[in-house]
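Below is final00.cif, holding mmCIF, C-alpha atoms.
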data_target
#
loop_
_atom_site.label_atom_id
_atom_site.label_comp_id
_atom_site.auth_asym_id
_atom_site.auth_seq_id
_atom_site.Cartn_x
_atom_site.Cartn_y
_atom_site.Cartn_z
CA MET A 22 38.08 -0.94 14.56
CA THR A 23 35.12 0.51 12.71
CA THR A 24 32.60 -1.30 10.50
CA GLU A 25 30.78 0.53 7.74
CA ILE A 26 26.97 0.53 7.62
CA THR A 27 26.10 0.09 3.94
CA VAL A 28 22.98 -0.11 1.81
CA PRO A 29 22.24 -3.84 1.37
CA GLU A 30 20.76 -5.64 -1.62
CA LEU A 31 17.18 -4.38 -1.83
CA GLY A 32 15.49 -7.01 -3.95
CA GLU A 33 14.63 -7.63 -7.56
CA SER A 34 14.96 -4.55 -9.83
CA ILE A 35 15.46 -2.17 -6.86
CA VAL A 36 18.78 -0.30 -6.98
CA GLU A 37 18.00 2.92 -5.10
CA ALA A 38 16.43 3.91 -1.80
CA THR A 39 15.81 6.94 0.37
CA VAL A 40 17.03 7.13 3.96
CA GLY A 41 13.90 7.06 6.10
CA GLU A 42 14.36 7.11 9.85
CA TRP A 43 17.46 6.56 11.92
CA ARG A 44 16.66 4.52 15.03
CA VAL A 45 19.91 5.58 16.66
CA LYS A 46 22.18 8.61 17.07
CA VAL A 47 25.94 8.94 17.27
CA GLY A 48 27.23 7.34 20.48
CA ASP A 49 24.32 4.91 20.92
CA PRO A 50 25.33 1.32 21.69
CA VAL A 51 24.10 -1.43 19.35
CA LYS A 52 24.21 -5.21 19.28
CA VAL A 53 24.32 -7.51 16.28
CA GLY A 54 20.90 -7.54 14.61
CA ASP A 55 19.63 -4.30 16.15
CA VAL A 56 17.74 -2.19 13.61
CA ILE A 57 19.77 0.94 12.91
CA VAL A 58 18.01 2.72 10.05
CA GLU A 59 15.07 2.29 7.70
CA LEU A 60 15.34 2.71 3.95
CA GLU A 61 12.34 3.61 1.79
CA THR A 62 12.16 1.88 -1.59
CA ASP A 63 9.52 2.15 -4.25
CA LYS A 64 7.94 -1.06 -2.95
CA VAL A 65 8.58 -1.64 0.76
CA ASP A 66 10.55 -0.20 3.67
CA VAL A 67 13.78 -2.07 4.41
CA GLU A 68 15.30 -2.26 7.89
CA VAL A 69 19.11 -2.22 8.06
CA GLY A 70 20.54 -4.04 11.06
CA ALA A 71 23.89 -3.90 12.81
CA THR A 72 26.37 -6.52 11.62
CA THR A 73 28.68 -5.97 14.56
CA ALA A 74 28.41 -4.82 18.16
CA GLY A 75 29.73 -1.44 19.28
CA VAL A 76 28.58 2.17 19.24
CA ILE A 77 27.43 4.36 16.37
CA ALA A 78 30.52 6.29 15.29
CA THR A 79 29.21 8.24 12.28
CA ILE A 80 26.00 8.91 10.38
CA THR A 81 26.93 10.11 6.90
CA GLN A 82 23.53 9.99 5.19
CA PRO A 83 20.78 11.98 6.95
CA THR A 84 17.07 11.37 6.56
CA GLY A 85 15.87 12.15 3.06
CA SER A 86 19.13 11.26 1.30
CA ASP A 87 18.89 9.18 -1.87
CA VAL A 88 21.30 6.25 -1.79
CA LYS A 89 22.26 3.26 -3.91
CA ILE A 90 23.22 -0.32 -3.10
CA GLY A 91 26.64 -0.35 -1.46
CA ASP A 92 26.61 3.30 -0.37
CA VAL A 93 27.99 3.98 3.11
CA LEU A 94 25.35 5.17 5.59
CA GLY A 95 27.59 5.45 8.63
CA ALA A 96 29.92 3.38 10.79
CA ILE A 97 30.00 1.35 14.00
CA ASP A 98 32.98 1.57 16.36
CA ALA A 99 33.53 -1.93 17.68
CA ASN A 100 35.82 -0.60 20.42
CA GLY A 101 32.96 1.43 21.92
CA ALA A 102 34.56 4.86 21.68
CA THR A 103 31.38 6.66 22.63
CA GLY A 104 31.38 10.38 21.93
CA LYS A 105 34.82 10.42 20.20
CA THR A 106 33.41 10.80 16.71
CA GLN A 107 30.92 13.05 15.02
CA THR A 108 28.48 12.74 12.19
CA LYS A 109 29.37 14.24 8.85
CA ALA A 110 26.60 16.75 9.36
CA GLN A 111 28.09 17.75 12.71
CA ALA A 112 31.61 18.03 11.36
CA ASP A 113 30.82 20.16 8.31
CA PRO A 114 29.70 23.69 9.24
CA GLY A 115 26.46 24.73 7.66
CA ASP A 116 25.27 21.20 6.99
CA PRO A 117 21.98 20.10 8.58
CA ALA A 118 22.22 18.33 11.88
CA PRO A 119 21.85 14.55 11.83
CA PRO A 120 18.42 13.20 12.56
CA SER A 121 17.66 12.52 16.19
CA PRO A 122 16.13 9.18 17.18
CA THR A 123 12.42 9.00 17.03
CA ASN A 124 10.38 8.97 20.19
CA THR A 125 9.65 5.26 19.95
CA GLY A 126 9.77 4.21 23.56
CA GLU A 127 12.50 1.77 22.51
CA THR A 128 15.95 1.07 23.80
CA PRO A 129 18.57 3.15 21.96
CA ALA A 130 19.24 0.17 19.70
CA GLY A 131 15.69 0.32 18.42
CA LYS A 132 14.22 -2.96 19.58
CA GLY A 133 10.62 -1.78 19.71
CA LYS A 134 8.20 -2.63 16.94
CA ALA A 135 6.23 0.06 15.13
CA THR A 136 5.47 0.89 11.52
CA PRO A 137 7.35 3.83 9.98
CA VAL A 138 4.15 5.87 9.78
CA ALA A 139 3.37 5.13 13.43
CA ARG A 140 6.81 6.28 14.54
CA ARG A 141 6.50 9.55 12.61
CA MET A 142 3.06 10.17 14.12
CA ALA A 143 4.34 9.32 17.60
CA GLU A 144 7.20 11.78 17.27
CA ALA A 145 4.94 14.53 15.95
CA GLU A 146 2.33 14.01 18.67
CA GLY A 147 4.74 13.37 21.54
CA VAL A 148 3.40 9.86 22.15
CA ASP A 149 5.51 7.28 23.99
CA LEU A 150 5.28 4.07 21.98
CA ALA A 151 6.32 2.04 25.00
CA GLN A 152 2.91 2.80 26.52
CA ILE A 153 0.92 1.40 23.57
CA ASP A 154 -0.01 -2.21 22.89
CA GLY A 155 0.34 -2.67 19.14
CA SER A 156 -2.56 -4.18 17.20
CA GLY A 157 -0.51 -5.01 14.10
CA ALA A 158 1.20 -8.23 13.13
CA GLY A 159 3.67 -9.35 15.78
CA GLY A 160 2.46 -6.63 18.12
CA ARG A 161 3.66 -3.75 15.93
CA VAL A 162 2.19 -0.35 16.73
CA THR A 163 0.23 0.98 13.75
CA ARG A 164 -1.05 4.35 12.61
CA GLN A 165 -4.49 3.44 13.93
CA ASP A 166 -3.04 2.76 17.40
CA ILE A 167 -1.45 6.23 17.52
CA ALA A 168 -4.62 7.88 16.21
CA ALA A 169 -6.67 6.14 18.89
CA ARG A 170 -4.30 7.44 21.58
CA VAL A 171 -4.18 11.00 20.22
CA GLU A 172 -7.87 11.43 19.34
CA PRO A 173 -9.30 11.56 22.89
CA ARG A 174 -6.93 14.30 24.00
CA THR A 175 -7.55 16.40 20.87
CA ARG A 176 -11.34 16.10 20.84
CA PRO A 177 -12.82 19.56 21.43
CA GLU A 178 -14.90 20.26 24.50
CA PRO A 179 -18.66 20.24 23.90
CA ALA A 180 -19.90 23.68 23.00
CA THR A 181 -22.22 25.35 25.49
CA GLU A 182 -25.29 27.17 24.25
CA PRO A 183 -24.92 30.93 24.90
CA ASP A 184 -27.75 32.79 26.55
CA GLU A 185 -29.78 35.40 24.68
CA GLY A 186 -27.55 38.24 25.80
CA GLU A 187 -24.42 36.51 24.59
CA ARG A 188 -26.03 35.89 21.20
CA VAL A 189 -26.76 39.59 20.76
CA PHE A 190 -23.65 41.21 22.18
CA ALA A 191 -20.90 38.65 21.58
CA SER A 192 -18.18 40.08 19.37
CA PRO A 193 -17.27 38.20 16.20
CA ARG A 194 -14.24 35.92 16.24
CA PRO A 195 -11.20 37.77 14.88
CA THR A 196 -9.96 36.68 11.46
CA PRO A 197 -6.35 35.44 11.46
CA SER A 198 -4.02 37.76 9.63
CA PRO A 199 -2.39 36.44 6.47
CA GLU A 200 1.01 36.66 8.17
CA THR A 201 0.03 34.13 10.86
CA ASP A 202 -2.50 32.00 8.94
CA GLU A 203 -0.74 28.69 8.29
CA ARG A 204 -2.72 27.61 5.25
CA GLU A 205 0.02 25.71 3.46
CA GLU A 206 2.19 22.79 4.42
CA ARG A 207 5.10 21.21 2.61
CA GLN A 208 5.72 17.49 2.85
CA ARG A 209 8.57 15.52 1.34
CA MET A 210 7.33 12.90 -1.10
CA SER A 211 8.29 9.40 -0.06
CA ARG A 212 10.30 7.37 -2.53
CA ARG A 213 7.30 5.12 -3.06
CA ARG A 214 5.05 8.07 -3.86
CA ARG A 215 7.65 9.49 -6.26
CA THR A 216 7.98 6.13 -7.99
CA ILE A 217 4.22 5.72 -8.26
CA ALA A 218 3.95 9.18 -9.83
CA GLN A 219 6.75 8.45 -12.28
CA ARG A 220 5.36 5.08 -13.36
CA LEU A 221 1.83 6.34 -13.81
CA VAL A 222 3.07 9.14 -16.06
CA GLU A 223 5.24 6.67 -17.99
CA ALA A 224 2.24 4.37 -18.44
CA GLN A 225 0.19 7.22 -19.88
CA GLN A 226 3.01 8.32 -22.17
CA THR A 227 4.15 4.92 -23.48
CA ALA A 228 1.01 2.77 -23.69
CA ALA A 229 -2.05 3.30 -25.87
CA ILE A 230 -4.55 3.03 -22.99
CA LEU A 231 -8.22 2.58 -23.73
CA THR A 232 -11.04 1.63 -21.36
CA THR A 233 -14.19 -0.39 -22.02
CA PHE A 234 -17.12 -0.75 -19.61
CA ASN A 235 -19.86 -3.19 -18.74
CA GLU A 236 -22.23 -3.89 -15.86
CA ILE A 237 -22.73 -7.09 -13.94
CA ASP A 238 -25.73 -8.40 -12.03
CA MET A 239 -24.39 -9.57 -8.67
CA SER A 240 -27.60 -11.37 -7.62
CA ALA A 241 -26.26 -14.90 -8.08
CA VAL A 242 -23.00 -14.20 -6.24
CA MET A 243 -24.78 -12.47 -3.36
CA ASP A 244 -27.27 -15.35 -3.11
CA MET A 245 -24.45 -17.90 -3.02
CA ARG A 246 -22.63 -15.92 -0.34
CA ARG A 247 -25.78 -15.80 1.80
CA ARG A 248 -26.30 -19.54 1.47
CA ARG A 249 -22.69 -20.62 1.90
CA GLN A 250 -21.16 -17.96 4.17
CA GLU A 251 -21.61 -19.71 7.51
CA SER A 252 -20.29 -23.09 6.35
CA PHE A 253 -17.45 -21.38 4.45
CA VAL A 254 -16.31 -19.50 7.56
CA ASN A 255 -16.60 -22.60 9.73
CA GLN A 256 -14.54 -24.65 7.30
CA HIS A 257 -11.89 -22.12 6.26
CA GLY A 258 -11.81 -19.46 8.97
CA VAL A 259 -12.27 -16.59 6.50
CA LYS A 260 -15.31 -14.91 4.95
CA LEU A 261 -16.32 -15.52 1.36
CA GLY A 262 -15.98 -12.10 -0.24
CA PHE A 263 -16.40 -10.77 -3.77
CA THR A 264 -12.74 -10.67 -4.71
CA SER A 265 -12.34 -14.42 -5.16
CA PHE A 266 -15.21 -14.49 -7.67
CA PHE A 267 -13.60 -11.78 -9.79
CA VAL A 268 -10.14 -13.34 -9.55
CA LYS A 269 -11.53 -16.65 -10.77
CA ALA A 270 -13.58 -14.92 -13.49
CA CYS A 271 -10.51 -13.02 -14.70
CA VAL A 272 -8.47 -16.23 -14.87
CA GLY A 273 -11.20 -17.83 -16.99
CA ALA A 274 -11.34 -14.80 -19.30
CA LEU A 275 -7.53 -14.60 -19.56
CA LYS A 276 -7.43 -18.21 -20.72
CA ALA A 277 -9.92 -17.34 -23.45
CA PHE A 278 -8.14 -14.08 -24.43
CA PRO A 279 -4.44 -14.63 -23.67
CA ARG A 280 -3.21 -11.28 -25.00
CA LEU A 281 -4.66 -9.62 -21.89
CA ASN A 282 -2.16 -11.76 -19.94
CA ALA A 283 0.83 -10.75 -22.07
CA GLU A 284 3.68 -8.24 -22.05
CA LEU A 285 5.23 -6.19 -24.83
CA GLN A 286 9.04 -6.42 -25.04
CA GLY A 287 10.42 -4.48 -27.98
CA ASP A 288 8.98 -6.06 -31.13
CA GLU A 289 7.87 -9.22 -29.34
CA ILE A 290 4.68 -10.12 -27.48
CA VAL A 291 5.39 -12.35 -24.47
CA LEU A 292 2.36 -14.55 -23.82
CA LYS A 293 2.29 -15.84 -20.24
CA HIS A 294 0.74 -19.20 -19.49
CA TYR A 295 0.55 -18.60 -15.77
CA TYR A 296 -1.84 -16.35 -13.88
CA ASP A 297 -0.32 -14.14 -11.20
CA ILE A 298 -3.10 -11.72 -10.30
CA GLY A 299 -2.21 -8.45 -8.58
CA ILE A 300 -4.65 -6.99 -6.07
CA ALA A 301 -4.28 -3.21 -5.69
CA VAL A 302 -4.24 -2.11 -2.04
CA GLY A 303 -4.27 1.47 -0.79
CA ALA A 304 -1.53 1.56 1.87
CA GLU A 305 -0.49 4.51 4.05
CA GLU A 306 2.63 5.22 2.00
CA GLY A 307 0.88 4.80 -1.37
CA LEU A 308 -0.70 2.20 -3.61
CA VAL A 309 0.84 -1.28 -3.56
CA VAL A 310 -0.08 -4.32 -5.64
CA PRO A 311 0.65 -7.63 -3.88
CA VAL A 312 0.34 -10.65 -6.13
CA ILE A 313 -1.62 -13.90 -5.81
CA ARG A 314 0.66 -16.47 -7.46
CA ASP A 315 -0.82 -19.14 -9.73
CA ALA A 316 -4.35 -17.95 -9.05
CA ASP A 317 -5.71 -20.61 -11.41
CA ARG A 318 -4.55 -23.25 -8.93
CA LYS A 319 -5.94 -21.49 -5.87
CA SER A 320 -9.28 -22.28 -4.23
CA PHE A 321 -11.76 -19.59 -3.26
CA ALA A 322 -10.59 -19.96 0.34
CA ASP A 323 -6.92 -19.63 -0.66
CA ILE A 324 -7.66 -16.40 -2.51
CA GLU A 325 -9.71 -14.89 0.32
CA LYS A 326 -6.98 -15.73 2.84
CA ALA A 327 -4.35 -14.13 0.61
CA VAL A 328 -6.41 -10.95 0.24
CA ARG A 329 -6.98 -10.79 4.01
CA ASP A 330 -3.28 -11.22 4.73
CA PHE A 331 -2.30 -8.62 2.12
CA ALA A 332 -4.66 -6.08 3.65
CA ALA A 333 -3.27 -6.68 7.15
CA SER A 334 0.35 -6.52 5.96
CA SER A 335 -0.23 -3.30 4.03
CA ARG A 336 -1.69 -1.66 7.15
CA ASP A 337 1.23 -2.84 9.27
CA GLY A 338 3.88 -2.04 6.68
CA THR A 339 5.06 -5.66 6.63
CA LEU A 340 4.58 -6.55 2.96
CA SER A 341 7.68 -8.24 1.59
CA LEU A 342 9.36 -7.66 -1.76
CA GLU A 343 8.29 -11.15 -2.78
CA ASP A 344 4.65 -10.19 -2.15
CA LEU A 345 4.96 -7.39 -4.71
CA ARG A 346 7.11 -9.01 -7.37
CA GLY A 347 5.79 -9.52 -10.88
CA GLY A 348 2.12 -10.00 -11.71
CA THR A 349 0.48 -10.63 -15.09
CA PHE A 350 -2.88 -8.85 -14.60
CA THR A 351 -4.28 -6.52 -11.94
CA ILE A 352 -7.64 -6.01 -10.21
CA THR A 353 -8.36 -2.72 -8.42
CA ASN A 354 -11.50 -2.08 -6.38
CA GLY A 355 -12.48 1.56 -5.96
CA GLY A 356 -15.90 0.42 -4.81
CA VAL A 357 -14.63 -0.08 -1.26
CA PHE A 358 -14.26 3.72 -1.12
CA GLY A 359 -17.61 4.39 -2.77
CA SER A 360 -16.47 4.85 -6.38
CA MET A 361 -19.25 4.52 -8.93
CA LEU A 362 -17.15 4.54 -12.10
CA SER A 363 -13.50 5.11 -13.00
CA THR A 364 -10.87 4.42 -15.67
CA PRO A 365 -7.96 2.52 -14.05
CA ILE A 366 -4.39 3.10 -15.27
CA LEU A 367 -2.27 0.17 -16.38
CA ASN A 368 0.31 -1.34 -14.05
CA PRO A 369 3.31 -1.68 -16.45
CA PRO A 370 4.47 -3.92 -17.98
CA GLN A 371 1.02 -5.47 -17.74
CA VAL A 372 -1.43 -4.74 -20.56
CA GLY A 373 -4.73 -5.12 -18.68
CA ILE A 374 -6.34 -3.99 -15.44
CA LEU A 375 -9.90 -4.56 -14.21
CA GLY A 376 -11.56 -1.85 -12.15
CA LEU A 377 -14.41 -2.78 -9.77
CA HIS A 378 -16.85 -0.28 -8.31
CA ASN A 379 -19.68 0.12 -5.82
CA ILE A 380 -22.51 -2.42 -5.83
CA GLN A 381 -25.86 -0.62 -5.86
CA ASP A 382 -29.49 -1.64 -6.30
CA ARG A 383 -30.64 -0.31 -9.67
CA PRO A 384 -33.70 -0.82 -11.89
CA VAL A 385 -32.99 -3.12 -14.84
CA ALA A 386 -35.14 -4.64 -17.58
CA ARG A 387 -35.69 -8.40 -17.48
CA ASP A 388 -38.16 -10.16 -19.81
CA GLY A 389 -40.03 -6.93 -20.45
CA GLU A 390 -40.30 -6.01 -16.78
CA ILE A 391 -38.47 -3.48 -14.61
CA ILE A 392 -36.93 -5.13 -11.55
CA ILE A 393 -34.37 -4.13 -8.91
CA ARG A 394 -31.00 -5.85 -9.02
CA PRO A 395 -27.65 -5.34 -7.22
CA MET A 396 -25.50 -4.05 -10.09
CA ILE A 397 -21.83 -3.18 -10.41
CA TYR A 398 -20.04 -1.28 -13.16
CA VAL A 399 -16.73 -2.80 -14.24
CA ALA A 400 -14.03 -1.16 -16.33
CA LEU A 401 -11.23 -2.81 -18.30
CA SER A 402 -8.28 -0.61 -19.27
CA TYR A 403 -5.98 -2.21 -21.84
CA ASP A 404 -2.99 -1.47 -24.04
CA HIS A 405 -4.33 -1.04 -27.55
CA ARG A 406 -0.87 -1.69 -29.00
CA ILE A 407 -1.35 -5.44 -28.61
CA VAL A 408 -4.99 -5.83 -27.51
CA ASP A 409 -7.71 -5.05 -30.02
CA GLY A 410 -11.01 -3.51 -28.97
CA ARG A 411 -12.85 -6.68 -29.95
CA GLU A 412 -10.72 -8.77 -27.59
CA ALA A 413 -11.12 -6.29 -24.75
CA VAL A 414 -14.90 -6.14 -25.08
CA GLN A 415 -15.20 -9.91 -25.32
CA PHE A 416 -12.90 -10.35 -22.34
CA LEU A 417 -15.16 -8.15 -20.22
CA VAL A 418 -18.26 -9.93 -21.49
CA ARG A 419 -16.69 -13.24 -20.45
CA VAL A 420 -15.98 -11.88 -16.96
CA LYS A 421 -19.63 -10.77 -16.78
CA GLN A 422 -20.89 -14.21 -17.83
CA LEU A 423 -18.75 -16.03 -15.29
CA VAL A 424 -19.71 -13.77 -12.38
CA GLU A 425 -23.41 -13.88 -13.23
CA GLU A 426 -23.23 -17.69 -13.41
CA PRO A 427 -20.83 -18.53 -10.55
CA GLU A 428 -21.22 -22.28 -11.03
CA ALA A 429 -19.35 -21.83 -14.33
CA LEU A 430 -16.32 -20.66 -12.38
CA LEU A 431 -15.79 -24.23 -11.22
CA LEU A 432 -15.19 -25.20 -14.86
CA ASP A 433 -13.72 -22.09 -16.56
CA GLY A 434 -12.10 -20.29 -13.64
#

Translate the structure of the given file into structure tokens.
Amino acid sequence: MTTEITVPELGESIVEATVGEWRVKVGDPVKVGDVIVELETDKVDVEVGATTAGVIATITQPTGSDVKIGDVLGAIDANGATGKTQTKAQADPGDPAPPSPTNTGETPAGKGKATPVARRMAEAEGVDLAQIDGSGAGGRVTRQDIAARVEPRTRPEPATEPDEGERVFASPRPTPSPETDEREERQRMSRRRRTIAQRLVEAQQTAAILTTFNEIDMSAVMDMRRRRQESFVNQHGVKLGFTSFFVKACVGALKAFPRLNAELQGDEIVLKHYYDIGIAVGAEEGLVVPVIRDADRKSFADIEKAVRDFAASSRDGTLSLEDLRGGTFTITNGGVFGSMLSTPILNPPQVGILGLHNIQDRPVARDGEIIIRPMIYVALSYDHRIVDGREAVQFLVRVKQLVEEPEALLLDG
């Protein structure tokens, strides 16, 4: 008896996926619960497990295939008829061969833990994952673990200084011919990257996006962090960063200007009286925006813990669909990469996004004197279809006021 391997329910609003990596090949034995194949969606990678014990009888959807919920990916032979069946790719002449299992250092059933990116790197570099202690959540091997293993063996030998004769008479290094110079590389776009590209273009084409700017003096926040950091860490086990201040400031400003926390549906404006703040995170497979639910009810410590956990999960590839669902307003921080100024793009169907940038000491005028202050440029992109320029400017001014007077966050944030 054979059991079909099908595409499961993928989560809210997700109906399609791309076949990522097969953990098994035809003839491999599997047990109930063993991970068989990974599916890439526009939000997270989904692992498909075996629902019955047996051996892999067929693989009908090779890596890179686009599939929908309910599509058949292959089959499991519960009677264990190893080697009596072939994949569709093997049976049809001219079709590409089915993907071979990745060099994961796992059992054939794929018990080992590693992120999809780590497995691809391991296969490309010939690294045995069984020899690596993973640093990710639950001991998963991450991209950084593979890079740390590969880097020492690829580091070039120190160059030796040639003597005077070698400097004069050494022949120049030959220039590679165009026929052998591999200067281009083609890579298949992941489903997440394709979806990101599509949605960003749609946002530009459907929304009337404008951006307004302001600058904020971070002196008060930095002073509070210096004074409170040690006790905050001792009490909560997490550092007091900058993100929690801006999340709280945005909540206060959204309460004052509710159209920035709305959504446009046809001819109706949906005003949302809850504050689910998305925090943009640059993950290996593309930008993701996990959401802090009911941020108005969260403490500074709750927010900092959520941000820390999101960052770790994005590195390990363990963000869940629930982490990414919804959101009423987004904060993105290009300053962590050194950005000085940018114009963020909306995260539809949201109508507002706040961009943070690098904090730098700059000369500013105070009471007729020039002084040095830690300053940050902030940018608010908004949908002009339902948010007027006056509202957008006042929203950003309110964020500025709340961050420059952090005590006010206890009341308005």

Would you write out, as a CSV table (one decimal) with C-alpha atoms, in the frame of the given file, every residue that the PyMOL selection byres ((chain A and resi 416-421) around 8) captures in this file?
chain,number,residue,atom,x,y,z
A,234,PHE,CA,-17.1,-0.8,-19.6
A,235,ASN,CA,-19.9,-3.2,-18.7
A,236,GLU,CA,-22.2,-3.9,-15.9
A,237,ILE,CA,-22.7,-7.1,-13.9
A,267,PHE,CA,-13.6,-11.8,-9.8
A,270,ALA,CA,-13.6,-14.9,-13.5
A,271,CYS,CA,-10.5,-13.0,-14.7
A,273,GLY,CA,-11.2,-17.8,-17.0
A,274,ALA,CA,-11.3,-14.8,-19.3
A,275,LEU,CA,-7.5,-14.6,-19.6
A,277,ALA,CA,-9.9,-17.3,-23.4
A,278,PHE,CA,-8.1,-14.1,-24.4
A,401,LEU,CA,-11.2,-2.8,-18.3
A,412,GLU,CA,-10.7,-8.8,-27.6
A,413,ALA,CA,-11.1,-6.3,-24.8
A,414,VAL,CA,-14.9,-6.1,-25.1
A,415,GLN,CA,-15.2,-9.9,-25.3
A,422,GLN,CA,-20.9,-14.2,-17.8
A,423,LEU,CA,-18.8,-16.0,-15.3
A,424,VAL,CA,-19.7,-13.8,-12.4
A,425,GLU,CA,-23.4,-13.9,-13.2

Taking into account only C-alpha atoms, which residue in the set A:Ser334, A:Thr349, A:Thr136, A:Thr339 is nearest to Gln371 of chain A? A:Thr349

I need the residue set behind the PyMOL selection byres ((chain A and resi 300) around 6) for this file; please write it as a short mmCIF file (atom, residue, chain, number, x, y, z; two decimals) with C-alpha atoms, keeping the file's coordinate frame.
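Saved result, expr_16.cif, follows:
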data_model
loop_
_atom_site.label_atom_id
_atom_site.label_comp_id
_atom_site.auth_asym_id
_atom_site.auth_seq_id
_atom_site.Cartn_x
_atom_site.Cartn_y
_atom_site.Cartn_z
CA GLY A 299 -2.21 -8.45 -8.58
CA ALA A 301 -4.28 -3.21 -5.69
CA VAL A 310 -0.08 -4.32 -5.64
CA PRO A 311 0.65 -7.63 -3.88
CA THR A 351 -4.28 -6.52 -11.94
CA ILE A 352 -7.64 -6.01 -10.21
#

Apply the PyMOL selection byres ((chain A and resi 241) around 8) to the displayed file and report the matching residues as number ranges by chain. A: 238-240, 242-245, 424-427

Measuring between only C-alpha atoms, which one of A:Ala71, A:Leu308, A:Leu431, A:Ile80 shows the shortest distance to Val272 of chain A?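 Using only C-alpha atoms, Val272 of chain A sits closest to A:Leu431.
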
A:Glu61, A:Gly356, A:Val291, A:Val56: which is nearest Met210 of chain A, counting all atoms listed in the file? A:Glu61

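The closest residue to Met22 of chain A, picked from A:Ile35, A:Val40, A:Ile97, A:Ile366 and counting all atoms listed in the file, is A:Ile97.
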
How many Å lie between atom CA of Asn354 of chain A and atom CA of Val408 of chain A, rounded to one decimal?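 Taking atom CA of Asn354 of chain A as the start and atom CA of Val408 of chain A as the end point, the length is 22.4 Å.
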
Nearest to Gln256 of chain A, chosen from A:Ala322, A:Leu342, A:Thr232, A:Gly160, with all atoms listed in the file counted in the distances: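 Looking at the shortest contact to Gln256 of chain A, the residue is A:Ala322.
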
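Among A:Ser402, A:Ser335, A:Met361, A:Lys269, the residue with the shortest atom-to-atom distance to Arg318 of chain A, counting all atoms listed in the file, is A:Lys269.
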
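Of note, atom CA of Phe253 of chain A and atom CA of Glu325 of chain A are spaced 10.9 Å apart.
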
Atom-to-atom span, atom CA of Thr79 of chain A and atom CA of Ala151 of chain A, Å: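 Pair atom CA of Thr79 of chain A / atom CA of Ala151 of chain A returns 26.9 Å.
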
Around the point (6.2, 10.0, -7.4) in the file's coordinates, collect all residues with an atom within 12 Å, using all atoms listed in the file, and return them as a VMD selection string. chain A and resid 62 to 63 209 to 223 306 to 308

Within 7 Å of Val58 of chain A, counting all atoms listed in the file, which residues qualify if same-chain residues fewer than 5 places away don't, as an MDAnalysis selection string? chainID A and resid 42:44 68:69

Which polymer residues, whether protein, DNA or RNA, lie within 9 Å of the coordinate (21.1, -1.5, -3.0) when you count all atoms listed in the file? List them as a ChimeraX atom specification, using the chain letters and numbers from the file. /A:27-32,35-38,88-92
